[in-house]
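S.K.: Here you go, coords_28.csv (CSV, C-alpha atoms (C1' of nucleotides)):
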chain,number,residue,atom,x,y,z
A,1,MET,CA,19.7,-11.6,-30.1
A,2,PRO,CA,19.0,-10.2,-26.7
A,3,ASN,CA,15.9,-8.2,-26.1
A,4,LEU,CA,15.0,-5.5,-23.6
A,5,THR,CA,14.0,-8.0,-21.0
A,6,ASP,CA,17.3,-9.7,-21.2
A,7,TYR,CA,19.2,-6.5,-20.8
A,8,ILE,CA,17.2,-5.5,-17.7
A,9,GLU,CA,17.7,-8.9,-16.2
A,10,GLU,CA,21.4,-8.8,-16.8
A,11,TYR,CA,21.6,-5.3,-15.3
A,12,LEU,CA,19.8,-6.3,-12.2
A,13,LYS,CA,21.8,-9.4,-11.7
A,14,LYS,CA,25.0,-7.4,-12.0
A,15,LEU,CA,23.7,-5.1,-9.3
A,16,LEU,CA,22.9,-8.0,-7.1
A,17,ALA,CA,26.3,-9.5,-7.7
A,18,LEU,CA,28.0,-6.2,-6.8
A,19,SER,CA,25.8,-5.6,-3.7
A,20,SER,CA,27.3,-6.3,-0.4
A,21,LYS,CA,23.9,-7.3,1.0
A,22,HIS,CA,21.9,-10.1,-0.4
A,23,PHE,CA,19.3,-7.7,-1.9
A,24,ILE,CA,19.1,-4.6,-4.0
A,25,GLU,CA,16.6,-1.8,-4.1
A,26,ILE,CA,15.3,-0.1,-7.2
A,27,ARG,CA,12.8,2.6,-8.3
A,28,ARG,CA,10.5,1.3,-10.9
A,29,ARG,CA,10.2,4.6,-12.7
A,30,GLU,CA,13.9,5.3,-12.6
A,31,LEU,CA,14.8,1.9,-14.0
A,32,ALA,CA,12.2,2.2,-16.7
A,33,GLY,CA,13.7,5.6,-17.6
A,34,LYS,CA,17.2,4.1,-17.8
A,35,PHE,CA,16.0,1.6,-20.3
A,36,ASP,CA,13.6,3.9,-22.0
A,37,CYS,CA,10.5,1.7,-21.6
A,38,VAL,CA,7.2,1.8,-19.7
A,39,PRO,CA,7.3,1.0,-16.0
A,40,SER,CA,5.2,-2.1,-16.3
A,41,GLN,CA,8.0,-3.6,-18.3
A,42,ILE,CA,9.9,-3.8,-15.1
A,43,ASN,CA,7.1,-5.9,-13.6
A,44,TYR,CA,7.3,-8.2,-16.5
A,45,VAL,CA,11.0,-8.7,-16.1
A,46,LEU,CA,10.6,-9.4,-12.4
A,47,GLU,CA,7.8,-11.8,-13.0
A,48,ARG,CA,9.7,-13.8,-15.6
A,49,ARG,CA,13.3,-13.6,-14.6
A,50,PHE,CA,13.2,-13.1,-10.8
A,51,SER,CA,10.5,-15.6,-9.8
A,52,PRO,CA,10.7,-17.7,-6.7
A,53,GLU,CA,11.3,-20.7,-8.9
A,54,ARG,CA,14.5,-19.1,-10.0
A,55,GLY,CA,15.5,-18.3,-6.5
A,56,TYR,CA,14.5,-14.7,-6.1
A,57,LEU,CA,12.1,-12.9,-3.8
A,58,VAL,CA,10.6,-9.5,-4.7
A,59,GLU,CA,9.0,-7.1,-2.3
A,60,SER,CA,7.7,-3.7,-2.9
A,61,ARG,CA,6.2,-0.6,-1.3
A,62,ARG,CA,3.8,1.7,-3.0
A,63,GLY,CA,3.3,5.4,-2.4
A,64,GLY,CA,5.7,8.2,-2.0
A,65,GLY,CA,9.2,6.9,-1.4
A,66,GLY,CA,8.1,3.5,-2.6
A,67,CYS,CA,10.6,1.1,-4.1
A,68,ILE,CA,11.2,-2.5,-5.2
A,69,ARG,CA,13.5,-4.8,-3.3
A,70,ILE,CA,14.9,-7.9,-4.9
A,71,TYR,CA,16.4,-10.7,-2.8
A,72,HIS,CA,18.6,-13.5,-4.1
A,73,ILE,CA,18.0,-16.5,-2.1
A,74,LYS,CA,20.0,-19.7,-2.4
A,75,GLN,CA,17.6,-22.5,-2.7
A,76,GLU,CA,18.7,-26.1,-2.3
A,77,ILE,CA,15.2,-27.3,-1.4
A,78,ALA,CA,14.6,-27.8,-5.1
A,79,GLY,CA,12.8,-30.8,-6.6
A,80,SER,CA,12.1,-33.7,-4.3
A,81,TRP,CA,8.9,-32.6,-2.7
A,82,ARG,CA,8.1,-30.3,-5.6
A,83,GLY,CA,7.1,-33.3,-7.5
A,84,ALA,CA,4.7,-34.3,-4.8
A,85,LEU,CA,3.1,-30.9,-4.9
A,86,GLN,CA,2.6,-31.1,-8.6
A,87,ALA,CA,0.0,-33.7,-7.8
A,88,LEU,CA,-2.0,-31.2,-5.9
A,89,ARG,CA,-2.4,-28.7,-8.6
A,90,GLU,CA,-6.0,-28.2,-9.8
A,91,GLU,CA,-7.9,-31.3,-10.7
A,92,GLU,CA,-6.9,-33.7,-8.0
A,93,PHE,CA,-7.0,-31.4,-5.1
A,94,GLU,CA,-8.3,-33.5,-2.2
A,95,PRO,CA,-7.8,-32.7,1.4
A,96,MET,CA,-6.9,-36.3,2.2
A,97,LYS,CA,-4.1,-36.4,-0.3
A,98,VAL,CA,-2.9,-33.0,0.8
A,99,ARG,CA,-2.7,-34.1,4.4
A,100,GLN,CA,-0.5,-37.0,3.4
A,101,VAL,CA,1.8,-34.7,1.6
A,102,LEU,CA,1.9,-32.4,4.6
A,103,GLN,CA,2.9,-35.3,6.8
A,104,ARG,CA,5.7,-36.2,4.5
A,105,MET,CA,7.0,-32.7,4.3
A,106,MET,CA,7.0,-32.6,8.1
A,107,ASP,CA,8.9,-35.9,8.2
A,108,GLU,CA,11.4,-34.5,5.8
A,109,LYS,CA,11.7,-31.3,7.9
A,110,VAL,CA,10.8,-29.2,5.0
A,111,ILE,CA,8.1,-27.5,7.0
A,112,SER,CA,7.6,-27.2,10.8
A,113,ARG,CA,4.8,-28.6,12.8
A,114,ARG,CA,3.3,-25.2,13.3
A,115,GLU,CA,3.5,-24.5,9.6
A,116,SER,CA,1.8,-27.7,8.9
A,117,SER,CA,-1.0,-26.8,11.2
A,118,LEU,CA,-1.5,-23.5,9.5
A,119,LEU,CA,-1.6,-25.2,6.1
A,120,ALA,CA,-4.1,-27.7,7.5
A,121,VAL,CA,-6.4,-25.0,8.5
A,122,ILE,CA,-6.7,-23.9,4.9
A,123,ILE,CA,-7.9,-27.3,3.8
A,124,HIS,CA,-10.3,-27.9,6.6
A,125,ASP,CA,-13.8,-27.7,5.2
A,126,GLU,CA,-15.7,-26.4,8.1
A,127,PRO,CA,-15.1,-22.7,7.8
A,128,TYR,CA,-16.0,-22.8,4.2
A,129,ARG,CA,-19.2,-24.7,4.9
A,130,LEU,CA,-20.1,-22.3,7.6
A,131,SER,CA,-19.8,-19.5,5.0
A,132,GLY,CA,-22.3,-21.3,2.8
A,133,ILE,CA,-20.1,-21.9,-0.1
A,134,GLU,CA,-20.7,-24.9,-2.4
A,135,LYS,CA,-18.2,-27.7,-2.0
A,136,SER,CA,-17.1,-27.6,-5.6
A,137,ASP,CA,-16.5,-23.9,-5.3
A,138,TYR,CA,-14.6,-24.0,-2.1
A,139,ARG,CA,-12.3,-26.8,-3.3
A,140,LYS,CA,-11.0,-24.4,-5.9
A,141,LEU,CA,-10.5,-21.7,-3.3
A,142,GLN,CA,-8.7,-24.1,-1.0
A,143,CYS,CA,-6.5,-25.1,-3.8
A,144,ARG,CA,-5.6,-21.5,-4.6
A,145,LEU,CA,-4.9,-20.6,-1.0
A,146,PHE,CA,-2.9,-23.7,-0.4
A,147,ASN,CA,-0.7,-23.2,-3.4
A,148,GLN,CA,-0.2,-19.6,-2.6
A,149,ALA,CA,0.8,-20.5,0.9
A,150,LEU,CA,3.4,-23.0,-0.5
A,151,GLU,CA,4.8,-20.4,-2.7
A,152,GLU,CA,5.3,-18.1,0.3
A,153,LEU,CA,7.1,-20.9,2.1
A,154,MET,CA,9.4,-21.4,-0.8
A,155,LYS,CA,10.1,-17.7,-1.1
A,156,VAL,CA,10.8,-17.2,2.6
A,157,SER,CA,13.3,-20.0,3.0
A,158,TYR,CA,15.7,-17.9,4.9
B,1,MET,CA,14.4,4.6,0.1
B,2,PRO,CA,13.2,6.1,3.2
B,3,ASN,CA,10.7,8.9,3.2
B,4,LEU,CA,9.7,11.5,5.7
B,5,THR,CA,7.4,9.2,7.6
B,6,ASP,CA,10.2,6.7,7.9
B,7,TYR,CA,12.6,9.3,9.3
B,8,ILE,CA,10.2,10.5,11.9
B,9,GLU,CA,9.3,6.9,12.9
B,10,GLU,CA,13.0,6.1,13.3
B,11,TYR,CA,13.6,9.2,15.3
B,12,LEU,CA,10.8,8.5,17.7
B,13,LYS,CA,11.8,4.9,18.2
B,14,LYS,CA,15.3,6.0,18.9
B,15,LEU,CA,13.9,8.4,21.6
B,16,LEU,CA,11.9,5.6,23.0
B,17,ALA,CA,14.9,3.3,23.1
B,18,LEU,CA,16.9,5.9,24.9
B,19,SER,CA,14.3,6.8,27.3
B,20,SER,CA,14.6,5.4,30.8
B,21,LYS,CA,10.8,5.3,31.1
B,22,HIS,CA,8.6,3.3,28.8
B,23,PHE,CA,7.2,6.4,27.2
B,24,ILE,CA,8.3,9.7,25.6
B,25,GLU,CA,6.6,13.1,25.4
B,26,ILE,CA,6.8,15.3,22.3
B,27,ARG,CA,5.4,18.6,21.1
B,28,ARG,CA,3.7,18.2,17.8
B,29,ARG,CA,4.6,21.6,16.5
B,30,GLU,CA,8.2,21.3,17.6
B,31,LEU,CA,8.7,17.9,16.0
B,32,ALA,CA,7.0,19.1,12.8
B,33,GLY,CA,9.4,22.0,12.9
B,34,LYS,CA,12.4,19.7,13.3
B,35,PHE,CA,11.4,17.8,10.2
B,36,ASP,CA,10.2,20.8,8.4
B,37,CYS,CA,6.7,19.5,7.7
B,38,VAL,CA,3.1,20.3,8.5
B,39,PRO,CA,2.0,19.3,12.0
B,40,SER,CA,-0.6,16.9,10.8
B,41,GLN,CA,2.2,14.9,9.3
B,42,ILE,CA,3.0,13.8,12.9
B,43,ASN,CA,-0.5,12.5,13.3
B,44,TYR,CA,-0.1,10.5,10.2
B,45,VAL,CA,3.1,8.9,11.4
B,46,LEU,CA,1.5,8.1,14.7
B,47,GLU,CA,-1.5,6.5,13.1
B,48,ARG,CA,0.6,4.4,10.7
B,49,ARG,CA,3.6,3.5,12.7
B,50,PHE,CA,2.6,3.7,16.3
B,51,SER,CA,-0.8,2.0,16.3
B,52,PRO,CA,-2.0,-0.2,19.1
B,53,GLU,CA,-1.7,-3.0,16.6
B,54,ARG,CA,2.0,-2.5,16.6
B,55,GLY,CA,2.2,-2.3,20.3
B,56,TYR,CA,2.1,1.4,20.9
B,57,LEU,CA,-0.3,3.6,22.8
B,58,VAL,CA,-0.6,7.3,22.1
B,59,GLU,CA,-2.1,9.8,24.4
B,60,SER,CA,-2.4,13.6,24.1
B,61,ARG,CA,-3.4,16.8,25.7
B,62,ARG,CA,-4.6,19.8,23.9
B,63,GLY,CA,-4.4,23.4,24.9
B,64,GLY,CA,-1.6,25.4,26.3
B,65,GLY,CA,1.2,23.2,27.5
B,66,GLY,CA,-0.3,20.3,25.6
B,67,CYS,CA,1.8,17.4,24.4
B,68,ILE,CA,1.8,13.9,22.9
B,69,ARG,CA,2.8,10.9,24.9
B,70,ILE,CA,3.9,7.7,23.2
B,71,TYR,CA,4.0,4.5,25.1
B,72,HIS,CA,5.6,1.3,24.0
B,73,ILE,CA,3.7,-1.6,25.4
B,74,LYS,CA,5.7,-4.7,25.9
B,75,GLN,CA,3.4,-7.4,26.8
B,76,GLU,CA,4.4,-10.9,27.7
B,77,ILE,CA,3.7,-13.4,25.0
B,78,ALA,CA,0.4,-14.7,26.4
B,79,GLY,CA,-1.0,-11.2,26.6
B,80,SER,CA,0.0,-10.4,23.1
B,81,TRP,CA,-1.8,-13.4,21.8
B,82,ARG,CA,-4.9,-12.5,23.7
B,83,GLY,CA,-4.7,-8.9,22.4
B,84,ALA,CA,-4.2,-10.0,18.9
B,85,LEU,CA,-7.1,-12.3,19.0
B,86,GLN,CA,-9.4,-9.8,20.6
B,87,ALA,CA,-8.7,-7.2,18.0
B,88,LEU,CA,-9.4,-9.5,15.1
B,89,ARG,CA,-12.7,-10.9,16.1
B,90,GLU,CA,-15.5,-10.2,13.7
B,91,GLU,CA,-16.5,-6.6,13.5
B,92,GLU,CA,-13.2,-5.1,13.0
B,93,PHE,CA,-11.6,-7.6,10.8
B,94,GLU,CA,-9.7,-5.5,8.3
B,95,PRO,CA,-6.7,-6.8,6.4
B,96,MET,CA,-4.8,-3.6,7.0
B,97,LYS,CA,-5.0,-4.0,10.8
B,98,VAL,CA,-4.4,-7.7,10.7
B,99,ARG,CA,-1.2,-7.1,8.8
B,100,GLN,CA,-0.1,-4.7,11.5
B,101,VAL,CA,-0.8,-7.3,14.1
B,102,LEU,CA,1.3,-9.8,12.1
B,103,GLN,CA,4.1,-7.3,11.9
B,104,ARG,CA,4.0,-6.9,15.7
B,105,MET,CA,3.8,-10.6,16.3
B,106,MET,CA,7.0,-10.9,14.2
B,107,ASP,CA,8.6,-8.1,16.1
B,108,GLU,CA,7.9,-9.8,19.3
B,109,LYS,CA,9.0,-13.1,18.0
B,110,VAL,CA,5.7,-14.7,18.6
B,111,ILE,CA,5.6,-16.0,15.1
B,112,SER,CA,8.3,-16.5,12.5
B,113,ARG,CA,8.5,-14.8,9.2
B,114,ARG,CA,7.3,-17.9,7.4
B,115,GLU,CA,4.3,-18.2,9.7
B,116,SER,CA,3.5,-14.6,9.1
B,117,SER,CA,3.6,-15.2,5.3
B,118,LEU,CA,1.2,-18.1,5.7
B,119,LEU,CA,-1.2,-16.1,7.7
B,120,ALA,CA,-0.9,-13.3,5.2
B,121,VAL,CA,-2.1,-15.6,2.5
B,122,ILE,CA,-5.3,-16.1,4.3
B,123,ILE,CA,-6.1,-12.4,4.4
B,124,HIS,CA,-5.0,-11.7,0.9
B,125,ASP,CA,-8.2,-10.9,-1.1
B,126,GLU,CA,-7.2,-12.0,-4.6
B,127,PRO,CA,-7.9,-15.8,-4.3
B,128,TYR,CA,-11.3,-15.0,-2.9
B,129,ARG,CA,-12.1,-12.5,-5.6
B,130,LEU,CA,-11.0,-15.0,-8.2
B,131,SER,CA,-13.4,-17.4,-6.7
B,132,GLY,CA,-16.2,-14.9,-7.3
B,133,ILE,CA,-17.2,-14.5,-3.7
B,134,GLU,CA,-18.6,-11.2,-2.5
B,135,LYS,CA,-16.3,-9.1,-0.4
B,136,SER,CA,-18.6,-9.0,2.6
B,137,ASP,CA,-18.9,-12.8,2.4
B,138,TYR,CA,-15.2,-13.5,2.1
B,139,ARG,CA,-14.3,-11.1,4.9
B,140,LYS,CA,-16.1,-13.4,7.3
B,141,LEU,CA,-14.5,-16.5,5.9
B,142,GLN,CA,-11.1,-14.8,6.1
B,143,CYS,CA,-11.8,-14.0,9.7
B,144,ARG,CA,-12.8,-17.6,10.5
B,145,LEU,CA,-9.7,-19.1,8.8
B,146,PHE,CA,-7.4,-16.6,10.4
B,147,ASN,CA,-8.7,-17.1,13.9
B,148,GLN,CA,-8.6,-20.9,13.4
B,149,ALA,CA,-5.0,-20.6,12.3
B,150,LEU,CA,-4.1,-18.6,15.4
B,151,GLU,CA,-5.8,-21.2,17.6
B,152,GLU,CA,-3.6,-23.8,15.9
B,153,LEU,CA,-0.5,-21.8,16.6
B,154,MET,CA,-1.4,-21.5,20.2
B,155,LYS,CA,-1.7,-25.2,20.5
B,156,VAL,CA,1.7,-26.0,19.1
B,157,SER,CA,4.3,-24.0,21.0
B,158,TYR,CA,7.1,-22.4,19.2
C,1,DA,C1',-16.7,34.5,33.6
C,2,DT,C1',-14.7,35.2,29.2
C,3,DA,C1',-11.9,36.2,25.3
C,4,DG,C1',-7.9,35.0,23.1
C,5,DA,C1',-3.9,32.3,22.6
C,6,DA,C1',-1.9,27.9,22.4
C,7,DA,C1',-1.9,23.5,21.9
C,8,DG,C1',-3.5,19.1,19.3
C,9,DG,C1',-7.3,16.6,15.9
C,10,DT,C1',-9.8,15.6,11.5
C,11,DC,C1',-10.5,15.0,7.0
C,12,DA,C1',-10.4,15.4,2.1
C,13,DG,C1',-7.6,16.0,-1.8
C,14,DA,C1',-3.3,16.2,-4.3
C,15,DG,C1',0.7,13.7,-5.5
C,16,DA,C1',3.9,9.8,-5.7
C,17,DA,C1',5.0,5.5,-6.0
C,18,DG,C1',4.1,0.6,-7.7
C,19,DG,C1',0.4,-3.2,-9.7
C,20,DT,C1',-2.8,-5.3,-13.1
C,21,DC,C1',-4.5,-6.7,-17.3
C,22,DA,C1',-5.5,-7.1,-21.9
C,23,DA,C1',-4.3,-6.0,-26.5
C,24,DA,C1',-0.7,-5.5,-29.9
C,25,DC,C1',3.5,-7.2,-31.5
C,26,DA,C1',7.4,-10.6,-32.2
C,27,DT,C1',9.5,-15.0,-32.6
C,28,DA,C1',10.0,-19.8,-32.6
C,29,DC,C1',8.4,-24.2,-33.8
C,30,DG,C1',5.7,-27.8,-35.9
D,1,DC,C1',1.7,-21.1,-43.1
D,2,DG,C1',-0.4,-21.1,-38.4
D,3,DT,C1',-0.2,-21.7,-33.7
D,4,DA,C1',2.0,-21.3,-29.4
D,5,DT,C1',4.9,-18.8,-26.6
D,6,DG,C1',7.3,-14.7,-25.2
D,7,DT,C1',7.7,-9.4,-25.2
D,8,DT,C1',6.2,-4.6,-25.2
D,9,DT,C1',2.9,-1.1,-24.4
D,10,DG,C1',-0.7,1.7,-22.4
D,11,DA,C1',-4.9,2.6,-20.0
D,12,DC,C1',-6.6,2.2,-15.5
D,13,DC,C1',-6.2,0.8,-10.3
D,14,DT,C1',-4.6,0.6,-5.4
D,15,DT,C1',-1.7,2.0,-1.8
D,16,DC,C1',0.9,5.2,0.8
D,17,DT,C1',2.4,9.8,1.8
D,18,DC,C1',2.0,14.7,2.4
D,19,DT,C1',-0.4,19.2,2.8
D,20,DG,C1',-3.6,22.6,4.2
D,21,DA,C1',-8.0,24.3,5.7
D,22,DC,C1',-10.9,24.1,9.4
D,23,DC,C1',-12.2,22.2,14.2
D,24,DT,C1',-11.9,21.2,19.3
D,25,DT,C1',-9.8,21.5,23.8
D,26,DT,C1',-7.3,23.7,27.4
D,27,DC,C1',-4.9,27.4,29.6
D,28,DT,C1',-4.3,32.2,31.0
D,29,DA,C1',-4.9,37.0,31.6
D,30,DT,C1',-8.2,40.2,32.5
Please lay out the structure from this file as structure tokens.

M.R.:
Amino acid sequence: MPNLTDYIEEYLKKLLALSSKHFIEIRRRELAGKFDCVPSQINYVLERRFSPERGYLVESRRGGGGCIRIYHIKQEIAGSWRGALQALREEEFEPMKVRQVLQRMMDEKVISRRESSLLAVIIHDEPYRLSGIEKSDYRKLQCRLFNQALEELMKVSY
Amino acid sequence: MPNLTDYIEEYLKKLLALSSKHFIEIRRRELAGKFDCVPSQINYVLERRFSPERGYLVESRRGGGGCIRIYHIKQEIAGSWRGALQALREEEFEPMKVRQVLQRMMDEKVISRRESSLLAVIIHDEPYRLSGIEKSDYRKLQCRLFNQALEELMKVSY
DNA sequence: ATAGAAAGGTCAGAGAAGGTCAAACATACG
DNA sequence: CGTATGTTTGACCTTCTCTGACCTTTCTAT
């Protein structure tokens, strides 16, 4: 018994399949109108069904003439190092371990040396200490920034 | 879906590309007439799309016979780095401007799209807000992290 | 000199997108 | 049942664009 989210997902995927490019552009309002729902429903669909984990990338622009662009990116990177990253979520976020993972990702050519350097900056304590933040506080922040950065890398794999 | 601002931007860039010099001259009124809009719209376009952060320089003369001159500044790589760093130190560290610099660095192929995404993570406010840090405090931290990251990029050539 | 015309500049506010979040509702599963 | 997970809605927010009223500078004719 498909629900609204399913219908919208199906519709968008059909559009993507028909598109000659590897992306489509939609107007949130318009699409919401087409399916007779509130606009934020569209965001929900995008979040659930067009996530980076599923191989999609969504960009948008606000303001007059704004729109939402959905890319379909083929992702073969998949699992291997994803497992390693799982370990870095939350509780056990420790710069030492993270650096090891970075090294490994470089070895496996999943990220470049420059990218690794950028990621390393995020987990370097000094800037946070200089800003007078407590260690336990900035660890969480580092973890957030780091994971966000990884997400970006996974999205922009083309 | 392009809007008026996009069209005017495109038009001006085309003029620049066609020009034998590295600048073009326009009449604000005239251009506004061509695109059937109010003259101040032109100022808006110049501010948003032809900012120094994006590598453009705009000069103008008022009064009878006045006009607007738009330069496209192509710096060599080294210069563009220095410029970027300069603009982003301390006082004027504003995410909006930084994003424009990032766009420019991508345009000039000084950084890759992936690197740009990583740098963008650093200046995205959300993680900091979630960590309960005051805006004025995290701006400084963002500035430190960002500059550190740029330093790293300079070390490791592309 | 000086007044008026002919540029361009500034700024605030309206309007047009899309984003976020939490609460209500629905469904599936133990 | 009742709890967990997934969906739908609506109130409120942020960002980007566009307009118009009003200001400043420069040129030109007297």

S.K.: If you fit chain B onto chain A using every C-alpha atom, paired in order, what RMSD in Å do you get?

M.R.: 11.6 Å

S.K.: Between C1' of DG8 in chain C and CA of Lys34 in chain B, what distance in Å does the model show, to one decimal?

M.R.: 17.0 Å

S.K.: Find the spatial neighbours of Pro52 in chain A, counting all atoms listed in the file, within a cut-off of 10 Å - ignore same-chain residues fewer than 2 positions away - and output them as an NGL selection string.

M.R.: :A and (47-50 or 54-58 or 71-73 or 75 or 151-152 or 154-156)

S.K.: I'd like the contact shell of range 9-24 of chain C - 8 Å cut-off, only C-alpha atoms (C1' of nucleotides), skipping same-chain residues fewer than 3 positions apart - returned as a list in words.

M.R.: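 In the requested format, the answer is Arg28, Ser60, Arg61, Arg62, Gly63, Gly64, Gly65, Gly66 and Cys67 of chain A; DT9, DC13, DT14, DC16, DT17, DC23 and DT24 of chain D.
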
S.K.: Determine which residues of chain B sit within 7 Å of chain A, taking into account all atoms listed in the file, and present them as a list in words.

M.R.: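 Taken together, these residues fit the definition: Met1, Pro2, Asn3, Arg114, Glu115, Ser117, Leu118, Val121, Ile122, Pro127, Tyr128, Ser131, Leu141, Arg144, Leu145, Gln148, Ala149, Glu152, Leu153 and Val156 of chain B.
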
S.K.: Could you take the residues named above and write them with C-alpha atoms, as a compact mmCIF listing (two decimals), in the frame of the given file?

M.R.:
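For reference, out-v1.txt as written:
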# COMPACT_ATOMS: atom_id res chain seq x y z
CA MET B 1 14.40 4.60 0.10
CA PRO B 2 13.20 6.10 3.20
CA ASN B 3 10.70 8.90 3.20
CA ARG B 114 7.30 -17.90 7.40
CA GLU B 115 4.30 -18.20 9.70
CA SER B 117 3.60 -15.20 5.30
CA LEU B 118 1.20 -18.10 5.70
CA VAL B 121 -2.10 -15.60 2.50
CA ILE B 122 -5.30 -16.10 4.30
CA PRO B 127 -7.90 -15.80 -4.30
CA TYR B 128 -11.30 -15.00 -2.90
CA SER B 131 -13.40 -17.40 -6.70
CA LEU B 141 -14.50 -16.50 5.90
CA ARG B 144 -12.80 -17.60 10.50
CA LEU B 145 -9.70 -19.10 8.80
CA GLN B 148 -8.60 -20.90 13.40
CA ALA B 149 -5.00 -20.60 12.30
CA GLU B 152 -3.60 -23.80 15.90
CA LEU B 153 -0.50 -21.80 16.60
CA VAL B 156 1.70 -26.00 19.10

S.K.: Find the spatial neighbours of DT8 in chain D, counting only C-alpha atoms (C1' of nucleotides), within a cut-off of 12 Å - ignore same-chain residues fewer than 5 positions away - and output them as a CSV table (one decimal) with C-alpha atoms (C1' of nucleotides), in the coordinates of the input.

M.R.:
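As a result, around_17.csv now contains:
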chain,number,residue,atom,x,y,z
A,3,ASN,CA,15.9,-8.2,-26.1
A,4,LEU,CA,15.0,-5.5,-23.6
A,5,THR,CA,14.0,-8.0,-21.0
A,36,ASP,CA,13.6,3.9,-22.0
A,37,CYS,CA,10.5,1.7,-21.6
A,38,VAL,CA,7.2,1.8,-19.7
A,39,PRO,CA,7.3,1.0,-16.0
A,40,SER,CA,5.2,-2.1,-16.3
A,41,GLN,CA,8.0,-3.6,-18.3
A,42,ILE,CA,9.9,-3.8,-15.1
A,43,ASN,CA,7.1,-5.9,-13.6
A,44,TYR,CA,7.3,-8.2,-16.5
A,45,VAL,CA,11.0,-8.7,-16.1
C,23,DA,C1',-4.3,-6.0,-26.5
C,24,DA,C1',-0.7,-5.5,-29.9
C,25,DC,C1',3.5,-7.2,-31.5
C,26,DA,C1',7.4,-10.6,-32.2

S.K.: Give the residues of chain D that lie within 12 Å of chain B; count only C-alpha atoms (C1' of nucleotides), and format the answer as a ChimeraX atom specification.

M.R.: /D:15-21,24-28

S.K.: What would the file be for range 7-19 of chain D if you keep N, CA and C atoms (P, O5', C5', C4', C3', O3' and C1' of nucleotides) and write it as a short mmCIF file (atom, residue, chain, number, x, y, z; two decimals), in the first residue's frame?

M.R.:
data_model
loop_
_atom_site.label_atom_id
_atom_site.label_comp_id
_atom_site.auth_asym_id
_atom_site.auth_seq_id
_atom_site.Cartn_x
_atom_site.Cartn_y
_atom_site.Cartn_z
P DT D 7 8.21 6.30 5.46
"O5'" DT D 7 7.00 7.29 5.81
"C5'" DT D 7 5.73 6.81 5.85
"C4'" DT D 7 4.71 7.89 6.18
"C3'" DT D 7 4.67 9.10 5.25
"O3'" DT D 7 3.35 9.13 4.73
"C1'" DT D 7 4.60 9.77 7.52
P DT D 8 2.91 10.10 3.56
"O5'" DT D 8 2.37 11.38 4.35
"C5'" DT D 8 1.25 11.24 5.20
"C4'" DT D 8 0.99 12.54 5.95
"C3'" DT D 8 1.01 13.82 5.10
"O3'" DT D 8 -0.30 14.36 5.12
"C1'" DT D 8 2.11 14.11 7.19
P DT D 9 -0.63 15.67 4.27
"O5'" DT D 9 -0.52 16.83 5.37
"C5'" DT D 9 -1.07 16.59 6.64
"C4'" DT D 9 -0.74 17.72 7.60
"C3'" DT D 9 -0.67 19.11 6.99
"O3'" DT D 9 -1.75 19.88 7.53
"C1'" DT D 9 1.15 18.72 8.50
P DG D 10 -2.01 21.37 6.98
"O5'" DG D 10 -1.24 22.28 8.04
"C5'" DG D 10 -1.38 22.00 9.43
"C4'" DG D 10 -0.50 22.94 10.22
"C3'" DG D 10 -0.45 24.36 9.66
"O3'" DG D 10 -0.45 25.26 10.76
"C1'" DG D 10 1.73 23.49 9.77
P DA D 11 -0.67 26.82 10.53
"O5'" DA D 11 0.31 27.45 11.61
"C5'" DA D 11 0.57 26.78 12.85
"C4'" DA D 11 1.94 27.19 13.37
"C3'" DA D 11 2.27 28.67 13.14
"O3'" DA D 11 2.95 29.19 14.28
"C1'" DA D 11 3.90 27.33 12.10
P DC D 12 3.38 30.74 14.30
"O5'" DC D 12 4.93 30.72 13.89
"C5'" DC D 12 5.82 29.88 14.62
"C4'" DC D 12 7.19 29.91 13.98
"C3'" DC D 12 7.71 31.31 13.61
"O3'" DC D 12 9.04 31.43 14.09
"C1'" DC D 12 7.92 29.86 11.79
P DC D 13 9.94 32.72 13.78
"O5'" DC D 13 11.07 32.17 12.80
"C5'" DC D 13 11.73 30.93 13.11
"C4'" DC D 13 12.86 30.69 12.11
"C3'" DC D 13 13.65 31.93 11.73
"O3'" DC D 13 15.04 31.63 11.79
"C1'" DC D 13 12.79 30.87 9.79
P DT D 14 16.12 32.75 11.59
"O5'" DT D 14 16.64 32.45 10.11
"C5'" DT D 14 17.09 31.14 9.79
"C4'" DT D 14 17.55 31.13 8.36
"C3'" DT D 14 18.40 32.32 7.94
"O3'" DT D 14 19.54 31.81 7.30
"C1'" DT D 14 16.57 32.06 6.46
P DT D 15 20.67 32.73 6.68
"O5'" DT D 15 20.30 32.74 5.13
"C5'" DT D 15 20.16 31.52 4.44
"C4'" DT D 15 19.74 31.81 3.02
"C3'" DT D 15 20.55 32.92 2.35
"O3'" DT D 15 21.02 32.39 1.13
"C1'" DT D 15 18.24 33.31 2.10
P DC D 16 21.99 33.20 0.18
"O5'" DC D 16 21.01 33.76 -0.93
"C5'" DC D 16 20.33 32.83 -1.77
"C4'" DC D 16 19.37 33.62 -2.61
"C3'" DC D 16 20.01 34.75 -3.40
"O3'" DC D 16 19.77 34.50 -4.78
"C1'" DC D 16 18.02 35.47 -2.29
P DT D 17 20.23 35.50 -5.92
"O5'" DT D 17 18.91 36.36 -6.15
"C5'" DT D 17 17.70 35.70 -6.41
"C4'" DT D 17 16.56 36.68 -6.57
"C3'" DT D 17 16.80 37.84 -7.53
"O3'" DT D 17 15.76 37.77 -8.49
"C1'" DT D 17 15.85 38.61 -5.50
P DC D 18 15.78 38.66 -9.84
"O5'" DC D 18 14.96 39.95 -9.41
"C5'" DC D 18 13.60 39.79 -9.01
"C4'" DC D 18 13.04 41.09 -8.49
"C3'" DC D 18 13.29 42.33 -9.35
"O3'" DC D 18 12.03 42.74 -9.85
"C1'" DC D 18 13.59 42.76 -7.01
P DT D 19 11.96 44.05 -10.81
"O5'" DT D 19 11.57 45.22 -9.79
"C5'" DT D 19 10.51 44.99 -8.88
"C4'" DT D 19 10.36 46.18 -7.95
"C3'" DT D 19 10.50 47.55 -8.62
"O3'" DT D 19 9.24 48.21 -8.49
"C1'" DT D 19 11.73 47.45 -6.58
#
